[in-house]
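Undergrad: What follows is work.txt, compact mmCIF, C-alpha atoms.
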```txt
# COMPACT_ATOMS: atom_id res chain seq x y z
CA GLU A 751 19.98 32.67 18.30
CA PRO A 752 16.09 32.76 17.99
CA THR A 753 14.39 30.20 20.16
CA ALA A 754 12.58 27.38 18.35
CA GLN A 755 8.86 28.01 18.16
CA GLN A 756 6.57 25.20 19.28
CA ASP A 757 5.25 23.93 15.92
CA PRO A 758 1.56 22.93 16.35
CA ASP A 759 1.79 20.90 13.14
CA ALA A 760 4.36 18.53 14.67
CA LYS A 761 1.76 16.92 16.93
CA GLN A 762 -0.69 16.30 14.08
CA PRO A 763 -1.03 12.95 12.26
CA ILE A 764 0.37 12.70 8.75
CA ASP A 765 -1.89 11.73 5.84
CA ILE A 766 -0.54 10.68 2.44
CA LEU A 767 -2.78 10.26 -0.61
CA ALA A 768 -1.45 8.76 -3.87
CA ASP A 769 -2.36 6.57 -6.82
CA HIS A 770 0.14 3.78 -6.05
CA LEU A 771 2.34 2.53 -3.21
CA GLU A 772 5.34 0.22 -3.08
CA ALA A 773 6.70 -0.58 0.38
CA ARG A 774 9.93 -2.47 1.13
CA GLN A 775 9.85 -3.37 4.81
CA LYS A 776 13.42 -4.73 4.85
CA ASP A 777 14.80 -1.42 3.59
CA GLY A 778 12.46 0.78 5.67
CA PHE A 779 11.40 2.47 2.46
CA SER A 780 8.08 3.31 0.79
CA ARG A 781 7.49 4.98 -2.58
CA TYR A 782 4.19 6.70 -3.33
CA THR A 783 3.53 7.66 -6.93
CA GLY A 784 0.80 9.59 -8.79
CA HIS A 785 -0.82 12.84 -7.54
CA VAL A 786 0.88 12.59 -4.14
CA VAL A 787 -0.43 14.87 -1.38
CA VAL A 788 1.00 14.88 2.14
CA THR A 789 -0.70 16.84 4.93
CA GLN A 790 0.21 17.39 8.57
CA GLY A 791 -1.81 20.13 10.22
CA SER A 792 -1.22 23.28 8.13
CA PHE A 793 1.74 21.69 6.31
CA ARG A 794 0.96 20.44 2.80
CA LEU A 795 3.40 18.88 0.32
CA GLN A 796 2.48 17.85 -3.25
CA GLY A 797 4.49 16.06 -5.92
CA ASP A 798 4.52 13.33 -8.54
CA THR A 799 6.39 10.87 -6.30
CA LEU A 800 7.23 10.69 -2.62
CA ASP A 801 9.98 8.54 -1.15
CA VAL A 802 9.58 7.92 2.60
CA TYR A 803 12.44 6.57 4.74
CA PHE A 804 11.84 4.98 8.15
CA GLU A 805 14.24 4.50 11.06
CA ASN A 806 13.08 2.32 13.99
CA GLY A 807 9.51 2.57 12.69
CA GLN A 808 9.57 6.39 12.57
CA ILE A 809 9.62 8.59 9.47
CA SER A 810 13.08 10.11 9.29
CA ARG A 811 12.93 11.65 5.81
CA ALA A 812 10.47 12.18 2.96
CA ILE A 813 11.54 13.34 -0.52
CA ALA A 814 8.99 14.74 -2.96
CA HIS A 815 9.80 15.03 -6.66
CA GLY A 816 7.68 17.06 -9.04
CA LYS A 817 7.63 19.39 -11.98
CA PRO A 818 7.74 21.15 -9.58
CA ALA A 819 6.86 19.84 -6.12
CA HIS A 820 5.01 22.36 -3.91
CA PHE A 821 4.75 22.96 -0.19
CA ARG A 822 2.87 25.38 2.03
CA LYS A 823 2.86 25.86 5.79
CA LYS A 824 1.69 28.32 8.42
CA SER A 825 4.42 30.02 10.38
CA PRO A 826 4.26 28.84 14.03
CA ARG A 827 5.31 32.38 14.99
CA ASP A 828 2.60 34.47 13.31
CA GLY A 829 0.35 31.91 11.58
CA ARG A 830 1.03 33.47 8.18
CA LEU A 831 1.39 31.24 5.14
CA ILE A 832 4.76 30.35 3.65
CA THR A 833 4.80 28.64 0.27
CA GLY A 834 7.48 27.25 -1.97
CA HIS A 835 8.26 24.96 -4.85
CA ALA A 836 11.24 23.17 -6.35
CA LEU A 837 12.04 20.11 -8.43
CA THR A 838 12.87 18.23 -5.20
CA ILE A 839 11.65 18.98 -1.66
CA THR A 840 13.17 16.97 1.18
CA TYR A 841 11.40 17.00 4.52
CA SER A 842 13.86 15.89 7.22
CA LEU A 843 13.39 15.44 10.95
CA LYS A 844 17.12 14.99 11.77
CA PRO A 845 19.25 16.68 12.97
CA HIS A 846 16.43 19.26 13.09
CA LYS A 847 13.13 19.65 11.25
CA HIS A 848 13.80 21.34 7.95
CA LEU A 849 12.78 21.51 4.31
CA LEU A 850 15.48 21.35 1.68
CA LEU A 851 14.33 22.69 -1.71
CA GLU A 852 16.56 21.88 -4.68
CA GLY A 853 16.25 22.75 -8.38
CA ASN A 854 14.65 26.13 -9.33
CA ALA A 855 13.82 26.58 -5.67
CA VAL A 856 11.50 29.39 -4.63
CA VAL A 857 10.14 30.33 -1.17
CA THR A 858 7.60 33.10 -0.70
CA GLN A 859 6.75 34.61 2.67
CA ALA A 860 3.27 35.90 3.48
CA SER A 861 4.72 39.44 3.25
CA GLY A 862 5.44 38.79 -0.44
CA GLU A 863 9.20 38.49 0.00
CA THR A 864 10.43 35.87 -2.43
CA ILE A 865 13.80 34.18 -2.47
CA ARG A 866 15.08 32.00 -5.31
CA GLY A 867 18.16 29.87 -5.60
CA ALA A 868 19.61 26.53 -6.57
CA ARG A 869 19.13 25.25 -3.01
CA LEU A 870 17.05 26.69 -0.16
CA ASP A 871 17.30 25.20 3.32
CA TYR A 872 14.33 26.24 5.45
CA ASP A 873 14.67 25.42 9.17
CA LEU A 874 11.10 24.78 10.35
CA GLU A 875 11.99 25.12 14.03
CA GLN A 876 14.15 28.25 13.98
CA GLU A 877 12.23 29.62 11.00
CA THR A 878 15.47 30.58 9.28
CA LEU A 879 16.29 30.19 5.61
CA GLN A 880 19.70 29.57 4.02
CA ALA A 881 19.94 30.18 0.27
CA HIS A 882 22.66 28.72 -1.97
CA GLY A 883 23.29 29.61 -5.63
CA ASP A 884 25.34 27.82 -8.22
CA ARG A 885 26.82 28.66 -11.60
CA LYS A 886 23.45 28.37 -13.30
CA GLN A 887 21.30 30.04 -10.68
CA ARG A 888 22.37 32.72 -8.26
CA VAL A 889 20.46 33.63 -5.10
CA HIS A 890 17.78 36.20 -5.91
CA LEU A 891 15.78 38.04 -3.21
CA THR A 892 12.72 40.10 -4.10
CA ILE A 893 11.30 42.46 -1.46
CA PRO A 894 7.97 44.03 -2.45
CA PRO A 895 7.53 47.79 -1.86
CA GLN A 896 6.14 48.66 1.56
CA GLN A 897 2.38 49.42 1.47
CA ASP A 898 2.09 53.23 1.91
CA THR A 899 -0.16 53.41 5.00
CA SER A 900 0.16 57.19 5.40
CA ALA A 901 -1.79 57.91 2.16
CA PRO A 902 -4.86 60.21 2.85
CA MET B 1285 -34.43 -38.42 -48.35
CA LYS B 1286 -30.84 -37.29 -48.93
CA GLY B 1287 -28.86 -36.46 -45.70
CA LEU B 1288 -29.04 -32.79 -44.78
CA ARG B 1289 -25.58 -31.34 -45.72
CA ILE B 1290 -24.57 -28.43 -43.39
CA PRO B 1291 -21.80 -26.26 -44.90
CA ARG B 1292 -18.52 -26.56 -42.91
CA PRO B 1293 -18.17 -22.76 -42.14
CA LEU B 1294 -21.67 -22.83 -40.66
CA ILE B 1295 -20.63 -25.70 -38.34
CA TRP B 1296 -17.61 -23.70 -37.09
CA LEU B 1297 -19.86 -20.68 -36.57
CA LEU B 1298 -22.35 -22.70 -34.48
CA LEU B 1299 -19.52 -24.23 -32.38
CA ALA B 1300 -18.00 -20.79 -31.72
CA LEU B 1301 -21.41 -19.46 -30.75
CA ALA B 1302 -22.00 -22.36 -28.33
CA ALA B 1303 -18.56 -21.86 -26.72
CA GLY B 1304 -19.25 -18.16 -26.30
CA VAL B 1305 -22.56 -18.79 -24.58
CA LEU B 1306 -20.94 -21.37 -22.27
CA VAL B 1307 -18.17 -18.94 -21.20
CA TRP B 1308 -20.73 -16.16 -20.64
CA PHE B 1309 -22.95 -18.50 -18.60
CA ASN B 1310 -20.04 -19.62 -16.38
CA SER B 1311 -18.85 -16.13 -15.64
CA HIS B 1312 -22.31 -14.97 -14.61
CA HIS B 1313 -23.25 -17.96 -12.41
CA GLU B 1314 -20.48 -18.32 -9.77
CA GLY B 1315 -21.63 -20.20 -6.71
CA ASP B 1316 -22.29 -18.20 -3.55
CA SER B 1317 -20.21 -20.42 -1.29
CA VAL B 1318 -16.47 -20.37 -1.89
CA ASP B 1319 -15.54 -18.30 -4.94
CA LYS B 1320 -14.56 -21.12 -7.29
CA ASN B 1321 -11.38 -19.13 -8.03
CA LYS B 1322 -11.29 -21.05 -11.26
CA THR B 1323 -11.22 -24.49 -9.53
CA PRO B 1324 -14.75 -25.84 -9.69
CA THR B 1325 -15.96 -27.79 -6.66
CA PRO B 1326 -15.99 -31.52 -7.42
CA THR B 1327 -18.97 -33.53 -6.19
CA ASN B 1328 -18.99 -36.24 -3.45
CA PRO B 1329 -16.25 -35.23 -0.97
CA ASP B 1330 -14.16 -38.03 0.52
CA TRP B 1331 -14.68 -36.84 4.09
CA ILE B 1332 -16.19 -34.03 6.10
CA ALA B 1333 -14.99 -33.14 9.60
CA HIS B 1334 -16.46 -30.73 12.13
CA ASN B 1335 -14.30 -28.57 14.46
CA ALA B 1336 -11.18 -30.30 13.18
CA SER B 1337 -7.65 -28.92 13.41
CA THR B 1338 -4.50 -29.72 11.44
CA TRP B 1339 -0.94 -29.09 12.59
CA ARG B 1340 1.76 -29.66 9.98
CA ILE B 1341 5.50 -29.42 10.73
CA ASP B 1342 7.75 -29.30 7.67
CA LEU B 1343 11.34 -29.80 8.81
CA ALA B 1344 12.76 -29.38 5.33
CA GLU B 1345 11.00 -26.07 4.79
CA GLN B 1346 11.43 -25.13 8.51
CA GLU B 1347 7.77 -24.27 8.54
CA GLN B 1348 4.94 -24.95 10.93
CA PHE B 1349 1.33 -24.58 9.80
CA PHE B 1350 -1.78 -24.87 11.97
CA VAL B 1351 -5.43 -24.48 10.93
CA GLU B 1352 -8.74 -25.23 12.63
CA ALA B 1353 -12.20 -24.83 11.10
CA GLU B 1354 -15.84 -25.35 11.98
CA GLN B 1355 -16.20 -27.63 8.96
CA THR B 1356 -13.50 -29.16 6.75
CA THR B 1357 -14.48 -30.85 3.48
CA HIS B 1358 -11.87 -32.77 1.52
CA TRP B 1359 -11.71 -34.26 -2.00
CA LYS B 1360 -8.79 -36.69 -2.16
CA LYS B 1361 -8.49 -36.98 -5.95
CA ALA B 1362 -8.55 -33.22 -6.52
CA ASN B 1363 -6.48 -32.74 -3.33
CA LEU B 1364 -8.85 -29.90 -2.54
CA THR B 1365 -10.06 -28.80 0.92
CA ASP B 1366 -12.86 -26.34 1.74
CA LEU B 1367 -12.98 -24.80 5.21
CA LYS B 1368 -15.71 -22.91 7.06
CA HIS B 1369 -14.47 -20.22 9.47
CA PRO B 1370 -10.81 -21.25 9.15
CA ARG B 1371 -8.39 -19.85 11.72
CA GLY B 1372 -4.73 -20.63 12.03
CA TRP B 1373 -1.12 -19.57 11.89
CA LEU B 1374 2.04 -20.06 9.88
CA ALA B 1375 5.53 -19.86 11.39
CA LYS B 1376 8.75 -19.67 9.38
CA PRO B 1377 12.27 -18.83 10.59
CA ASP B 1378 12.00 -15.22 9.36
CA ALA B 1379 8.36 -14.44 10.07
CA ALA B 1380 5.13 -15.58 11.72
CA TYR B 1381 1.52 -14.92 10.66
CA ASP B 1382 -1.95 -15.77 11.80
CA PHE B 1383 -5.06 -15.70 9.63
CA GLU B 1384 -8.83 -16.11 9.65
CA ALA B 1385 -11.77 -15.78 7.27
CA VAL B 1386 -15.39 -16.81 6.72
CA LEU B 1387 -14.46 -19.36 4.05
CA GLY B 1388 -11.25 -20.94 2.85
CA ARG B 1389 -10.10 -23.27 0.11
CA THR B 1390 -6.69 -24.92 -0.13
CA ASP B 1391 -4.98 -27.05 -2.72
CA PRO B 1392 -1.28 -27.96 -3.15
CA ILE B 1393 -0.63 -24.67 -5.03
CA ARG B 1394 -2.78 -22.03 -3.35
CA VAL B 1395 -4.72 -20.95 -0.26
CA HIS B 1396 -7.83 -18.84 -0.92
CA LEU B 1397 -9.52 -16.92 1.90
CA GLN B 1398 -12.83 -15.17 1.47
CA GLY B 1399 -15.23 -13.14 3.61
CA ASN B 1400 -13.63 -10.64 6.01
CA ALA B 1401 -10.28 -12.28 5.40
CA ARG B 1402 -7.51 -11.17 7.73
CA ILE B 1403 -3.78 -11.98 7.87
CA ARG B 1404 -1.54 -10.60 10.60
CA GLN B 1405 2.22 -10.53 10.37
CA LEU B 1406 3.31 -11.10 14.00
CA GLU B 1407 7.09 -10.92 13.43
CA PRO B 1408 9.35 -9.19 12.74
CA GLN B 1409 6.97 -6.21 12.77
CA ALA B 1410 3.25 -6.26 13.63
CA LEU B 1411 1.23 -5.63 10.50
CA SER B 1412 -2.41 -6.58 9.91
CA LEU B 1413 -4.05 -6.95 6.49
CA GLN B 1414 -7.82 -7.09 5.95
CA SER B 1415 -9.73 -7.59 2.69
CA GLU B 1416 -12.84 -9.30 1.30
CA ARG B 1417 -10.68 -11.99 -0.35
CA LEU B 1418 -7.04 -13.03 -0.31
CA ASP B 1419 -5.13 -15.51 -2.48
CA TYR B 1420 -1.82 -16.96 -1.27
CA ALA B 1421 0.48 -18.78 -3.72
CA ARG B 1422 2.53 -21.29 -1.69
CA GLU B 1423 5.47 -21.53 -4.09
CA THR B 1424 6.19 -17.83 -4.40
CA ARG B 1425 4.73 -16.88 -0.98
CA LEU B 1426 2.86 -14.15 -2.85
CA LEU B 1427 -0.37 -12.78 -1.36
CA THR B 1428 -2.72 -10.99 -3.78
CA THR B 1429 -6.19 -9.51 -3.98
CA PRO B 1430 -7.97 -7.29 -6.50
CA ALA B 1431 -10.28 -6.04 -3.72
CA PRO B 1432 -10.03 -3.04 -1.34
CA VAL B 1433 -7.51 -3.58 1.46
CA ARG B 1434 -6.64 -2.11 4.85
CA LEU B 1435 -3.14 -2.48 6.29
CA SER B 1436 -2.75 -1.51 9.97
CA SER B 1437 0.31 -1.21 12.16
CA GLU B 1438 0.87 0.36 15.56
CA LYS B 1439 1.83 3.66 13.86
CA GLY B 1440 -1.27 3.96 11.66
CA TRP B 1441 -2.98 2.44 8.64
CA THR B 1442 -3.02 2.39 4.84
CA THR B 1443 -6.03 1.69 2.63
CA GLY B 1444 -6.21 1.14 -1.12
CA VAL B 1445 -7.47 -1.16 -3.85
CA GLY B 1446 -5.56 -4.16 -5.19
CA LEU B 1447 -2.54 -5.65 -3.44
CA GLN B 1448 0.51 -7.80 -4.08
CA TRP B 1449 2.54 -8.78 -0.99
CA TRP B 1450 5.73 -10.86 -1.42
CA LEU B 1451 5.93 -12.21 2.15
CA ALA B 1452 9.47 -13.59 1.82
CA ALA B 1453 10.89 -10.40 0.31
CA LYS B 1454 8.76 -8.25 2.66
CA ARG B 1455 7.77 -6.11 -0.25
CA LEU B 1456 4.24 -5.00 -1.06
CA ILE B 1457 2.41 -2.97 -3.69
CA ILE B 1458 -0.98 -1.32 -3.37
CA GLN B 1459 -2.23 -0.59 -6.85
CA ARG B 1460 -4.82 2.19 -6.54
CA GLU B 1461 -6.42 4.86 -4.36
CA VAL B 1462 -3.74 4.79 -1.64
CA HIS B 1463 -4.35 6.62 1.65
CA THR B 1464 -1.84 6.36 4.48
CA HIS B 1465 -2.64 7.76 7.94
CA TYR B 1466 0.40 7.91 10.20
CA ALA B 1467 0.35 9.05 13.84
CA PRO B 1468 3.92 9.96 14.87
```
The structure given in the file should be rewritten as structure tokens.
TA:
Amino acid sequence: EPTAQQDPDAKQPIDILADHLEARQKDGFSRYTGHVVVTQGSFRLQGDTLDVYFENGQISRAIAHGKPAHFRKKSPRDGRLITGHALTITYSLKPHKHLLLEGNAVVTQASGETIRGARLDYDLEQETLQAHGDRKQRVHLTIPPQQDTSAP
Amino acid sequence: MKGLRIPRPLIWLLLALAAGVLVWFNSHHEGDSVDKNKTPTPTNPDWIAHNASTWRIDLAEQEQFFVEAEQTTHWKKANLTDLKHPRGWLAKPDAAYDFEAVLGRTDPIRVHLQGNARIRQLEPQALSLQSERLDYARETRLLTTPAPVRLSSEKGWTTGVGLQWWLAAKRLIIQREVHTHYAP
């Protein structure tokens, strides 16, 4: 079981930019709409709308919808960029920090490896990825050819 | 000499022109004191008080309201009150607020705050709102402003332009240019 890397992004403040905001204090819910951009350190999430859920004054979940929604983040392990997009991206902090991509989901590692599926669950702490297909979209992994370093 | 007969259409045209000039003049000559907010200031106030405070307890509405101001000017017939540097608080069973501003104007329907206006929600959750002007409709407990706003809480802040805040429903909308900064 790989140990969880200390994620430098986790300590950073979160900034959300949008055209419009509706907040419902009683429900612990805020909806941002229009050119939504969320940043936290190297993590960046973009979408058309963002639904943010609070528990005891803390963000517990944020759901971005887009055509598609995009994310990018530096790997805490090697600092290389990971990107992805899907119709819905859910950023959850419980039970562990992870990104759930649903609907034409794609994640691309810095090495060029790309994985597609109906649902991709990317654990931000363990840096593991679970891919799920469905009848319409099977899991599809693309590994780029190794760069031939021995060439003269 | 026969009376000068002005054709009727010409009369209507002149009246329309005069009305248009009047509307244009009014919109470009608002006083610098309290923004009239569409209720012009009547002349000859009934009384003026300095460093006065008012404490109102409404048992039916279960509401307490307190305000003090450097100068309070009241017009009985219009039931209008202008306040300089008003400061005060409002307590209801489900929430409590305090407020202050450079200028204020109250009538039976509305409270208008202007000049570095600030309202703080003390309960249930600390939330502070600042803007250049704020309008509070008593009946609907709706707070609005077309101006830039800044909302601050212990976790961070949100800025934007244009606000509607339904205090009773604890629901708010910021209409444009939203930026939230949240420190977990």
Undergrad: When you look at Leu1367 in chain B with a cut-off of 9 Å (counting all atoms listed in the file), what residues show up, excluding the ones that are within fewer than 4 positions of it in the same chain? I need them as a VMD selection string.
TA: chain B and resid 1352 to 1358 1386 to 1390
Undergrad: Skipping near chain neighbours, those fewer than 6 positions away, what residues fall within 10 Å of Thr864 in chain A using only C-alpha atoms, listed as a PyMOL selection string?
TA: chain A and resi 832-834+856-858+890-894
Undergrad: Identify which of the residues A:Lys761, A:Arg869, A:His882, A:Lys824 lies closest to Leu849 in chain A, counting all atoms listed in the file when measuring atom-to-atom distances.
TA: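 Checking each of A:Lys761, A:Arg869, A:His882, A:Lys824 against Leu849 in chain A, counting all atoms listed in the file, the winner is A:Arg869.
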Undergrad: How far is it from CA of Tyr1466 in chain B to CA of Pro818 in chain A, in Å with one decimal?
TA: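 Spanning CA of Tyr1466 in chain B to CA of Pro818 in chain A is a straight-line distance of 24.9 Å.
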Undergrad: Show me, as JSON lines, the residues of chain B having an atom within 8 Å of chain A, each with the closest atom pair and its distance in Å, using all atoms listed in the file.
TA:
```
{"residue": "B:Lys1439", "atom": "CA", "partner": "A:Gly807", "partner_atom": "CA", "distance": 7.8}
{"residue": "B:Ala1453", "atom": "CA", "partner": "A:Lys776", "partner_atom": "CA", "distance": 7.7}
{"residue": "B:Lys1454", "atom": "CA", "partner": "A:Gln775", "partner_atom": "CA", "distance": 5.4}
{"residue": "B:Arg1455", "atom": "CA", "partner": "A:Arg774", "partner_atom": "CA", "distance": 4.5}
{"residue": "B:Leu1456", "atom": "CA", "partner": "A:Ala773", "partner_atom": "CA", "distance": 5.3}
{"residue": "B:Ile1457", "atom": "CA", "partner": "A:Glu772", "partner_atom": "CA", "distance": 4.4}
{"residue": "B:Ile1458", "atom": "CA", "partner": "A:Leu771", "partner_atom": "CA", "distance": 5.1}
{"residue": "B:Gln1459", "atom": "CA", "partner": "A:His770", "partner_atom": "CA", "distance": 5.0}
{"residue": "B:Arg1460", "atom": "CA", "partner": "A:Asp769", "partner_atom": "CA", "distance": 5.0}
{"residue": "B:Glu1461", "atom": "CA", "partner": "A:Asp769", "partner_atom": "CA", "distance": 5.0}
{"residue": "B:Val1462", "atom": "CA", "partner": "A:Ala768", "partner_atom": "CA", "distance": 5.1}
{"residue": "B:His1463", "atom": "CA", "partner": "A:Leu767", "partner_atom": "CA", "distance": 4.6}
{"residue": "B:Thr1464", "atom": "CA", "partner": "A:Ile766", "partner_atom": "CA", "distance": 5.0}
{"residue": "B:His1465", "atom": "CA", "partner": "A:Asp765", "partner_atom": "CA", "distance": 4.6}
{"residue": "B:Tyr1466", "atom": "CA", "partner": "A:Ile764", "partner_atom": "CA", "distance": 5.0}
{"residue": "B:Ala1467", "atom": "CA", "partner": "A:Pro763", "partner_atom": "CA", "distance": 4.4}
{"residue": "B:Pro1468", "atom": "CA", "partner": "A:Pro763", "partner_atom": "CA", "distance": 6.3}
```
Undergrad: Work out how far CA of Ala881 in chain A is from CA of Glu863 in chain A, in Å to one decimal.
TA: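 Distance between the two atoms: 13.6 Å.
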Undergrad: Tell me which of A:Asn806, A:Asn854, A:Thr838, A:Gln859 sits closest to Lys823 in chain A, counting all atoms listed in the file.
TA: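 Going through A:Asn806, A:Asn854, A:Thr838, A:Gln859 one by one, the smallest distance to Lys823 in chain A is for A:Gln859.
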Undergrad: Could you check how far CA of Tyr1420 in chain B sits from CA of Ala1380 in chain B, in Å to one decimal?
TA: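 Computing the Euclidean distance for CA of Tyr1420 in chain B and CA of Ala1380 in chain B yields 14.8 Å.
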Undergrad: Which of these, B:Leu1397, B:Ala1421, B:Ala1362, B:Leu1413, has the shortest distance to Leu1447 in chain B once you count all atoms listed in the file?
TA: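 Nearest candidate to Leu1447 in chain B out of B:Leu1397, B:Ala1421, B:Ala1362, B:Leu1413: B:Leu1413.
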Undergrad: A:Pro845, A:Ile865, A:Leu879, A:Pro895: which is nearest Ser810 in chain A, counting only C-alpha atoms?
TA: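 For Ser810 in chain A, the nearest of the given residues is A:Pro845.
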Undergrad: From the list A:Ala855, A:Leu795, A:Ala812, A:Ala819, which residue is nearest Ser842 in chain A when using only C-alpha atoms?
TA: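 Looking only at the distances to Ser842 in chain A, the closest residue turns out to be A:Ala812.
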Undergrad: Please list as a PyMOL selection string every residue within 12 Å of Glu852 in chain A, counting all atoms listed in the file and excluding residues in the same chain fewer than 4 positions away.
TA: chain A and resi 813-820+834-841+856-857+866-872+881-884+887
Undergrad: Given the point (-10.0, -3.4, -1.6) in the file's coordinates, find the residues that have an atom at most 10 Å from it, counting all atoms listed in the file, and give them as JSON, numbers by chain.
TA: {"B": [1414, 1415, 1416, 1417, 1429, 1430, 1431, 1432, 1433, 1434, 1443, 1444, 1445, 1446, 1447, 1458, 1459, 1460, 1461]}
Undergrad: Could you check which of B:Glu1384, B:Asp1391, B:Glu1423, B:Glu1438 is closest to Gln1409 in chain B, using all atoms listed in the file?
TA: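 Counting all atoms listed in the file, the residue closest to Gln1409 in chain B is B:Glu1438.
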